[in-house]
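Peer 1: Submitted below is the structure of interest, expressed as structure tokens.
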Amino acid sequence: MKFTQTSAAALSVLALAACAAVETEPAQTFEISDTDQAAVNAKKYEILGISPEMANEFELSDAALATAVRGPDNAPIGPLAYASPGEAVKAGDMAAFVAAMKLSIERNDDNVPFASAISSIDAAAAGEYDRAKELADIAAESADLTLLGGFLKAWYFGLEGDFDAAIDAELEVGPRLPGLTGDLSLAAMLEAAGREEEALAVYSAITPSEIEAPEHQFDPQSILFSHVRLVISRQALLLRRLGRVDEAVALYQRLAEAEPERATTYAAAIEQIETGRGLDNDPLDANTAFARTMADYSLALAYQRMIRSAFAGQQASGFDDTKAAFDQLALLIDPANEDLRLAVIADLYDETLFEAALHVAEVAPEETASLQLAKAQSHVRMEQAGEARAALGRALELADEDEELSTTSSAMLIYALLGEQESASELAETTPDLAQTDAEKARAHSTSATIYSQFGNFERALFHARAARELDDTHERRMALANAMADAGEVDEALQLIRAEALRRPNDPYMLNTLGYFLIENTEQYSEAFRVLARANALAPNDPYIADSYGWARYRLGDLEGAARYIEQARRLLEPNIHWEIEDHLGDIYWHLGREDEARAAWEKALTDYPREETRQKLVEKLENGLEGTPPEKQPLPDISLGDDQEVNRQDI
């Protein structure tokens, strides 16, 4: 599978990025409206020995109540509408989640440390800082929650303005918090306290003297580098606010030196620092600082989960309810934090929780262009085209000058999901003219190329892909150009470009996948493709896109059973999302294996994931007529020798 190929997932990810995959089961419905459900809830109340009023009318902060999912009577549906508190998190219903925690405390005489920690956050959101500290102390009595309780209490001191006590409490627990959370928390607290020089000193202390960029996405250095970029971005913003623009620029220049291929992107960041365009220059207040730090904490926990899974030879999968809960709780402290809200929405969307994503956007305290775009995407996935168009129109109305480019770029991608070729193509032609920096122009041209590719206008797609590469000569742009060239019939030139890139990145699994899949789809060099993809699969055995490509290479060589095994693995790894290409491949394989009903089911599922127009027509034909002819002739699978050093030989490329 080639990663620049357009799918609903690709279009959606691009649209979300411009704001700042993947149809599965029908979207979850949160409204409780029938009498059977009411009877079930009544039985739950009876078993628990509580009244409905106790379950639904706990004293919650206004911020929590604002998140409530409501029934036909406009009353919160309450915690017992969900099978577990985690399901409330999946619904974006912090009112029900916090109420469930308070119910747990009520029924267990306060001896529920985790529930006390959660309830303390809601108390802080209501401005009840003494109660918040009391609950944090209860949580801290548990050995497992000592650090969390101490961390929360430190910030409660800060929220009530006692920064000396806050910093003292932070210094007690900060060094033991996961990842960089302690240092980032201390820096944010110092900045909110008006002690900017001390905050800068903390940022400087955690910025390495030598910055090393990762070789590729799977490089373990990636996590560390992402932390370095985060620290530098916050440090640079603080320096700019203090009027020290030259020092802020110097920080981004260090990143550019470490990652010269992304020099254009860093030049755009420097231009922003110098001009202030699109930047918030307001001082960091305590609520925003705390919410941001809670998000840092949840991200550190998520990284720990990923690392533990990697050491176990597995891939972290499934909804991360811990991260989601802390991020949504952070929004109770700072409901107007749009960046955090968009991140929460994106995480829910990525798990195909479209109704929850829509709900989190709808309960925001202020209507913005970015949130309207997020709503439009969810409406598309919920097959609510009219509502999606209305949200798109409202987004374009709300966008100010600094938001015009990102809003228009996202809008054209969502129009493509709606199948509205004329609207999407019209924006594809005009959007690059809205860009100011080379990086912005390159992104705009790349998005326009995606739109034209989606609708089969490969000549215009190639034009925009070339323009993007000329402005921003990076790996991503070169690979997008190669795929656009192949679509336009320039296969030999595209392969030459891909081989040259593979020589520069011999141990990048995605680069190997790009080469191998290109050979499968555009040449008859199946043996070479198989060897290259075997190498990619060995380096990244749990990646769904590589598993699909490796399986498809086996299909081309006539190994139908092996092909099905790997592509079914790809389907499982991608759940709860789907990808039209994986389903299309499985449909072909199942047909040739005599599993015709399963083949048609896979092709039908592929159609729900917004494939390119060219592919959509082929899928419709397959559903009507099946596949003609025989499967690929079975051939001996090529020998694979990866070598002791696990390096790809230049002769393999």
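Residues are referred to by chain and number: the chain letter is A, B, ... according to the order shown in the structure tokens, the number counts from 1 in that chain, and ligands are numbered separately from 1 in the order shown.
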List as a PyMOL selection string the protein and nucleic acid residues near A:Glu604, meaning an atom at most 9 Å away when only C-alpha atoms are counted, but skip any in the same chain fewer than 5 places from it.
Peer 2: chain A and resi 583-584+599+619-620+623
Peer 1: I need the residues from that last selection saved to file as a PDB file, in the first residue's frame (with N, CA and C atoms), if you can.
Peer 2:
ATOM      1  N   GLU A 583      -9.324  -3.689   1.899  1.00  0.00           N
ATOM      2  CA  GLU A 583     -10.565  -4.413   1.608  1.00  0.00           C
ATOM      3  C   GLU A 583     -10.639  -4.818   0.137  1.00  0.00           C
ATOM      4  N   ASP A 584     -10.162  -3.973  -0.747  1.00  0.00           N
ATOM      5  CA  ASP A 584     -10.139  -4.295  -2.175  1.00  0.00           C
ATOM      6  C   ASP A 584      -9.239  -5.505  -2.434  1.00  0.00           C
ATOM      7  N   ALA A 599     -15.824 -12.014  -0.529  1.00  0.00           N
ATOM      8  CA  ALA A 599     -15.215 -11.083  -1.486  1.00  0.00           C
ATOM      9  C   ALA A 599     -16.122  -9.880  -1.689  1.00  0.00           C
ATOM     10  N   LEU A 619     -14.605  -1.068  -8.349  1.00  0.00           N
ATOM     11  CA  LEU A 619     -15.257  -1.816  -7.275  1.00  0.00           C
ATOM     12  C   LEU A 619     -16.718  -2.086  -7.616  1.00  0.00           C
ATOM     13  N   VAL A 620     -17.401  -1.104  -8.176  1.00  0.00           N
ATOM     14  CA  VAL A 620     -18.797  -1.294  -8.577  1.00  0.00           C
ATOM     15  C   VAL A 620     -18.894  -2.409  -9.617  1.00  0.00           C
ATOM     16  N   LEU A 623     -18.448  -5.802  -7.971  1.00  0.00           N
ATOM     17  CA  LEU A 623     -19.640  -6.218  -7.236  1.00  0.00           C
ATOM     18  C   LEU A 623     -20.719  -6.741  -8.176  1.00  0.00           C
TER      19      LEU A 623
END
Peer 1: Atom CA of A:Ile273 and atom CA of A:Glu338 are how many Å apart?
Peer 2: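 Atom-to-atom, atom CA of A:Ile273 to atom CA of A:Glu338, that is 20.4 Å.
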Peer 1: Of the candidates A:Glu191, A:Asp162, A:Glu403, A:Glu362, which one gets nearest to A:Leu279 if we count only C-alpha atoms?
Peer 2: A:Glu403
Peer 1: Quick one: residues within 7 Å of A:Val344, only C-alpha atoms, excluding same-chain residues fewer than 3 positions away - as a PyMOL selection string?
Peer 2: chain A and resi 324+327-328+340-341+347-348
Peer 1: Could you check the closest approach to A:Pro178 for each of A:Asp296, A:Glu624, A:Glu596, A:Asp438 and tell me which residue wins, using only C-alpha atoms?
Peer 2: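 Comparing A:Asp296, A:Glu624, A:Glu596, A:Asp438 against A:Pro178, the winner is A:Asp296.
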Peer 1: Measuring atom to atom with only C-alpha atoms, identify which of A:Ala256, A:Leu171, A:Ala325, A:Ala435 is nearest to A:Phe97.
Peer 2: A:Ala325
Peer 1: I want to know what sits within 8 Å of A:Ile333, based on only C-alpha atoms, with residues of the same chain fewer than 2 positions away left out; could you give that as a PyMOL selection string?
Peer 2: chain A and resi 63+121-122+124-125+287-288+290-291+329-331+335
Peer 1: Could you name the residues that touch A:Gly182 at 10 Å or less, counting only C-alpha atoms, but leaving out those on the same chain fewer than 2 positions away, as a list in words?
Peer 2: Phe151, Glu170, Leu171, Glu172, Val173, Gly174, Pro175, Arg176, Leu177, Pro178, Gly179, Leu180, Leu184, Ser185, Leu186, Ala187, Ala188, Thr293, Asp296 and Tyr297 of chain A
